[in-house]
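What follows is a set of notes on a single structure, which appears directly below.
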Amino acid sequence: MKFVFIIDPVSKLNPSHDTSVALMEAAQALSHEVWITEASQLWVAEGKAWARLTPVQFNPVQLEDGHWVVKLPWYELEEGDVASVCLDDMDAVFMRIDPPVDTAYLYATFILDYINPEKTLVVNHPNGLRLANEKMYALQFLDVIPKTLVSQDKQVIRQFVEEHGAAVLKPLGGKGGEGILLIEAGDRNFNSLVEISTQNNQLPIMVQQYLPAAKDGDKRIIALNGEPIGAVNRIPSGTDFRGNMAVGGRVASIEITERDRQICEALAPSLRRDGLYFAGLDVIGGYLTEVNVTSPTGIREIDRLAGVQIGHQVIEWVVQRQTEKSSFVSASK
């Protein structure tokens, strides 16, 4: 099959950490064609989505003594084979551009709307990406999230913090823990922290009840078509209350619990409805805190700690889905 990955510049990816690389390596290992492109290389012509695609070959990372070892060069581009291709001619397109979800990102999803879903699977669906702000999407599931407020009103936020004793302030468009603040009732910096977070009351933010269990870790669950297939615990370093890997949190193996499965069951119908086939669910102390859908990561860490191949599972699921779709279409003719 033919796989396209819409990514940030490949030279800026980290092969020992980035899930996009893990997925591309898995597709290559399973004997599929792997092509890459960037958002700036997408366009619509005659009602169809097109892209300038470059074939890529990987020198896969190797697990040695519990660490991923990168052998350089870790990828090779076949520059002479760059092609302008209608994306309807590909089997699957993975949208894997990192946030923020800005104007350029949104315009890229509009272009992806012109891919024929009867021919090509887009992971994740462009409309689903527009619907699912990674902070606010979780608000649909009140039974599994902590007490949460979204506001830019200083007084409303103050009342929430005083009621719960402590809260976490999150910008709605952030990633990797960027801009997240911990605030306690009575903090003399309250006004300044809220002004910084809301950009002087111009933007709403998420205000979430602080969960003391955060000190024990922030679990990332990888969900494939709504089903949990792996998890990793991200533990704060001790100098930062955040457990995100991007800010220095260490990772540890962790099991998928019955509570985790209950959370996934609560989300699965919505994830499937919105075409959010590959998602990263963040869970602290048994509560869902975020739903990551733009470019969720964690595969490399899960594979290393659990001795599994999550990327292979994802690619095999895509192949099975496309094969079944093709068989159904053929039988209907």
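Ordered as shown in the structure tokens, chains take letters A, B, and onward, while each chain numbers its residues from 1 and ligands are numbered from 1 in the order shown.
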Practice task
Could you please write out, as an MDAnalysis selection string, every residue of stretch 151-329 of chain A that DSSP assigns to alpha helix (DSSP H)?
Solution key: chainID A and resid 154:164 190:197 258:273 299:306 310:329
Exercise for the section: Output as an MDAnalysis selection string all residues of stretch 85-248 of chain A that backbone DSSP marks as strand (DSSP E or B). Expected result: chainID A and resid 85:86 92:96 121:123 148:151 166:171 181:184 205:209 218:224 227:235
Problem - Surrounding residues of A:Asp98 excluding itself and chain neighbours under 4 positions, 9 Å, only C-alpha atoms, as JSON, numbers by chain - result: {"A": [7, 8, 175, 294, 295, 296]}
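Atom CA of A:Val319 is positioned 26.7 Å from atom CA of A:Ile263.
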Exercise for the section: Tell me which protein, DNA and RNA residues are within 7 Å of stretch 212-222 of chain A, counting only C-alpha atoms, leaving out same-chain ones fewer than 4 positions away, and put them as a PyMOL selection string. Expected result: chain A and resi 228-236+241+243+279-285
Could you write out the selected residues, including all heavy atoms, as a compact mmCIF listing (two decimals), in the first residue's frame?
# COMPACT_ATOMS: atom_id res chain seq x y z
N PRO A 228 -7.72 1.14 23.68
CA PRO A 228 -6.38 1.38 24.23
C PRO A 228 -5.41 0.28 23.80
O PRO A 228 -5.70 -0.91 23.97
CB PRO A 228 -6.61 1.35 25.74
CG PRO A 228 -7.81 0.46 25.92
CD PRO A 228 -8.67 0.69 24.71
N ILE A 229 -4.27 0.67 23.24
CA ILE A 229 -3.31 -0.33 22.77
C ILE A 229 -1.94 -0.19 23.44
O ILE A 229 -1.03 -0.99 23.18
CB ILE A 229 -3.14 -0.29 21.24
CG1 ILE A 229 -2.63 1.08 20.78
CG2 ILE A 229 -4.44 -0.65 20.54
CD1 ILE A 229 -2.26 1.12 19.29
N GLY A 230 -1.78 0.80 24.29
CA GLY A 230 -0.50 0.98 24.99
C GLY A 230 -0.54 2.21 25.86
O GLY A 230 -1.37 3.11 25.66
N ALA A 231 0.36 2.26 26.85
CA ALA A 231 0.39 3.41 27.75
C ALA A 231 1.80 3.60 28.30
O ALA A 231 2.58 2.65 28.39
CB ALA A 231 -0.60 3.21 28.91
N VAL A 232 2.08 4.85 28.68
CA VAL A 232 3.35 5.20 29.30
C VAL A 232 3.07 6.24 30.37
O VAL A 232 2.17 7.08 30.21
CB VAL A 232 4.37 5.72 28.26
CG1 VAL A 232 3.89 7.00 27.60
CG2 VAL A 232 5.74 5.89 28.88
N ASN A 233 3.80 6.17 31.47
CA ASN A 233 3.63 7.14 32.54
C ASN A 233 4.72 8.19 32.44
O ASN A 233 5.90 7.87 32.28
CB ASN A 233 3.72 6.44 33.91
CG ASN A 233 3.11 7.28 35.02
OD1 ASN A 233 2.25 8.11 34.78
ND2 ASN A 233 3.56 7.06 36.24
N ARG A 234 4.32 9.46 32.53
CA ARG A 234 5.26 10.58 32.45
C ARG A 234 5.30 11.25 33.83
O ARG A 234 4.28 11.79 34.28
CB ARG A 234 4.82 11.55 31.36
CG ARG A 234 4.73 10.88 29.98
CD ARG A 234 4.00 11.72 28.97
NE ARG A 234 2.61 11.94 29.38
CZ ARG A 234 1.76 12.72 28.71
NH1 ARG A 234 2.16 13.34 27.62
NH2 ARG A 234 0.52 12.88 29.14
N ILE A 235 6.44 11.19 34.46
CA ILE A 235 6.56 11.57 35.87
C ILE A 235 7.35 12.87 36.00
O ILE A 235 8.43 13.01 35.41
CB ILE A 235 7.26 10.45 36.65
CG1 ILE A 235 6.49 9.12 36.47
CG2 ILE A 235 7.36 10.80 38.14
CD1 ILE A 235 7.23 7.92 36.99
N PRO A 236 6.82 13.84 36.77
CA PRO A 236 7.54 15.11 36.94
C PRO A 236 8.95 14.90 37.48
O PRO A 236 9.20 13.97 38.27
CB PRO A 236 6.66 15.87 37.95
CG PRO A 236 5.30 15.29 37.78
CD PRO A 236 5.52 13.84 37.47
N PHE A 241 6.18 20.74 38.17
CA PHE A 241 4.99 19.96 38.48
C PHE A 241 4.45 19.23 37.26
O PHE A 241 3.63 18.31 37.37
CB PHE A 241 3.89 20.86 39.08
CG PHE A 241 3.18 21.71 38.07
CD1 PHE A 241 1.98 21.30 37.51
CD2 PHE A 241 3.69 22.95 37.69
CE1 PHE A 241 1.31 22.09 36.58
CE2 PHE A 241 3.03 23.74 36.77
CZ PHE A 241 1.84 23.31 36.21
N GLY A 243 4.51 16.70 33.99
CA GLY A 243 5.16 15.44 33.65
C GLY A 243 5.49 15.30 32.19
O GLY A 243 6.08 14.29 31.79
N ALA A 279 -5.34 8.55 18.73
CA ALA A 279 -5.44 9.59 19.75
C ALA A 279 -4.57 9.26 20.95
O ALA A 279 -4.29 8.09 21.24
CB ALA A 279 -6.90 9.76 20.20
N GLY A 280 -4.15 10.31 21.64
CA GLY A 280 -3.41 10.16 22.88
C GLY A 280 -4.23 10.73 24.03
O GLY A 280 -4.48 11.94 24.07
N LEU A 281 -4.68 9.87 24.92
CA LEU A 281 -5.51 10.30 26.05
C LEU A 281 -4.62 10.48 27.27
O LEU A 281 -3.85 9.58 27.63
CB LEU A 281 -6.59 9.25 26.35
CG LEU A 281 -7.38 8.71 25.15
CD1 LEU A 281 -8.46 7.75 25.62
CD2 LEU A 281 -7.97 9.84 24.32
N ASP A 282 -4.73 11.64 27.90
CA ASP A 282 -3.94 11.92 29.10
C ASP A 282 -4.81 11.71 30.33
O ASP A 282 -5.90 12.27 30.44
CB ASP A 282 -3.41 13.35 29.07
CG ASP A 282 -2.37 13.55 27.97
OD1 ASP A 282 -1.89 12.54 27.43
OD2 ASP A 282 -2.04 14.71 27.67
N VAL A 283 -4.30 10.89 31.25
CA VAL A 283 -5.06 10.50 32.44
C VAL A 283 -4.21 10.72 33.68
O VAL A 283 -3.07 10.25 33.75
CB VAL A 283 -5.51 9.02 32.34
CG1 VAL A 283 -6.18 8.58 33.65
CG2 VAL A 283 -6.44 8.82 31.15
N ILE A 284 -4.77 11.43 34.65
CA ILE A 284 -4.11 11.65 35.94
C ILE A 284 -5.04 11.21 37.05
O ILE A 284 -6.18 11.66 37.13
CB ILE A 284 -3.75 13.14 36.14
CG1 ILE A 284 -2.75 13.61 35.07
CG2 ILE A 284 -3.15 13.37 37.53
CD1 ILE A 284 -2.44 15.10 35.14
N GLY A 285 -4.56 10.29 37.89
CA GLY A 285 -5.36 9.84 39.02
C GLY A 285 -6.72 9.30 38.63
O GLY A 285 -7.69 9.44 39.39
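Going from atom CA of A:Leu211 to atom CA of A:Ala266 covers 20.7 Å.
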Practice task
Compile the contact shell of A:Lys119 as a PyMOL selection string: residues with an atom at most 12 Å away, counting only C-alpha atoms, same-chain residues fewer than 3 positions apart removed.
Solution key: chain A and resi 2+86-93+114-116+122+321-329
Since we have the selection now, will you write its residues out, keeping C-alpha atoms, as an mmCIF file, in the first residue's frame?
data_model
loop_
_atom_site.group_PDB
_atom_site.id
_atom_site.type_symbol
_atom_site.label_atom_id
_atom_site.label_comp_id
_atom_site.auth_asym_id
_atom_site.auth_seq_id
_atom_site.Cartn_x
_atom_site.Cartn_y
_atom_site.Cartn_z
ATOM 1 C CA LYS A 2 0.951 3.628 -0.421
ATOM 2 C CA CYS A 86 -3.488 13.207 -6.453
ATOM 3 C CA LEU A 87 -4.011 11.972 -2.905
ATOM 4 C CA ASP A 88 -6.965 9.874 -4.044
ATOM 5 C CA ASP A 89 -4.326 7.585 -5.555
ATOM 6 C CA MET A 90 -2.812 6.841 -2.136
ATOM 7 C CA ASP A 91 -4.163 4.337 0.374
ATOM 8 C CA ALA A 92 -3.681 6.355 3.558
ATOM 9 C CA VAL A 93 -2.682 9.882 4.545
ATOM 10 C CA TYR A 114 -11.001 17.108 -0.949
ATOM 11 C CA ILE A 115 -9.566 13.604 -0.552
ATOM 12 C CA ASN A 116 -12.121 10.970 -1.581
ATOM 13 C CA VAL A 122 -7.063 10.167 6.372
ATOM 14 C CA ARG A 321 -9.565 -1.267 7.188
ATOM 15 C CA GLN A 322 -8.641 -0.341 3.623
ATOM 16 C CA THR A 323 -8.683 -3.973 2.484
ATOM 17 C CA GLU A 324 -12.145 -4.504 3.968
ATOM 18 C CA LYS A 325 -13.385 -1.278 2.390
ATOM 19 C CA SER A 326 -12.038 -2.321 -1.004
ATOM 20 C CA SER A 327 -13.673 -5.752 -0.726
ATOM 21 C CA PHE A 328 -17.001 -4.153 0.221
ATOM 22 C CA VAL A 329 -16.878 -1.727 -2.717
#
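Nearest-residue note for A:Phe110: choosing from A:Ala83, A:Ala26, A:Leu288, A:Val44, the minimum distance belongs to A:Val44, counting only C-alpha atoms.
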Residue contacts of stretch 155-157 of chain A (9 Å, only C-alpha atoms) excluding same-chain residues fewer than 5 positions away, as a tab-separated table (two decimals) with N, CA, C and O atoms, in the first residue's frame:
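And here is the file that came out, result_22.tsv:
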chain	number	residue	atom	x	y	z
A	149	LEU	N	-13.10	24.35	34.20
A	149	LEU	CA	-13.71	25.61	33.80
A	149	LEU	C	-12.97	26.12	32.57
A	149	LEU	O	-11.76	25.95	32.45
A	150	VAL	N	-13.71	26.74	31.65
A	150	VAL	CA	-13.09	27.46	30.53
A	150	VAL	C	-13.61	28.89	30.57
A	150	VAL	O	-14.82	29.12	30.46
A	162	GLU	N	-10.44	29.36	44.34
A	162	GLU	CA	-10.71	29.39	45.77
A	162	GLU	C	-11.58	28.22	46.21
A	162	GLU	O	-11.41	27.67	47.31
A	194	VAL	N	-3.10	35.08	35.70
A	194	VAL	CA	-4.28	35.01	34.85
A	194	VAL	C	-4.14	35.95	33.65
A	194	VAL	O	-4.51	35.60	32.52
A	207	VAL	N	-9.17	26.00	33.05
A	207	VAL	CA	-8.79	26.01	34.45
A	207	VAL	C	-9.27	24.68	35.02
A	207	VAL	O	-10.48	24.43	35.07
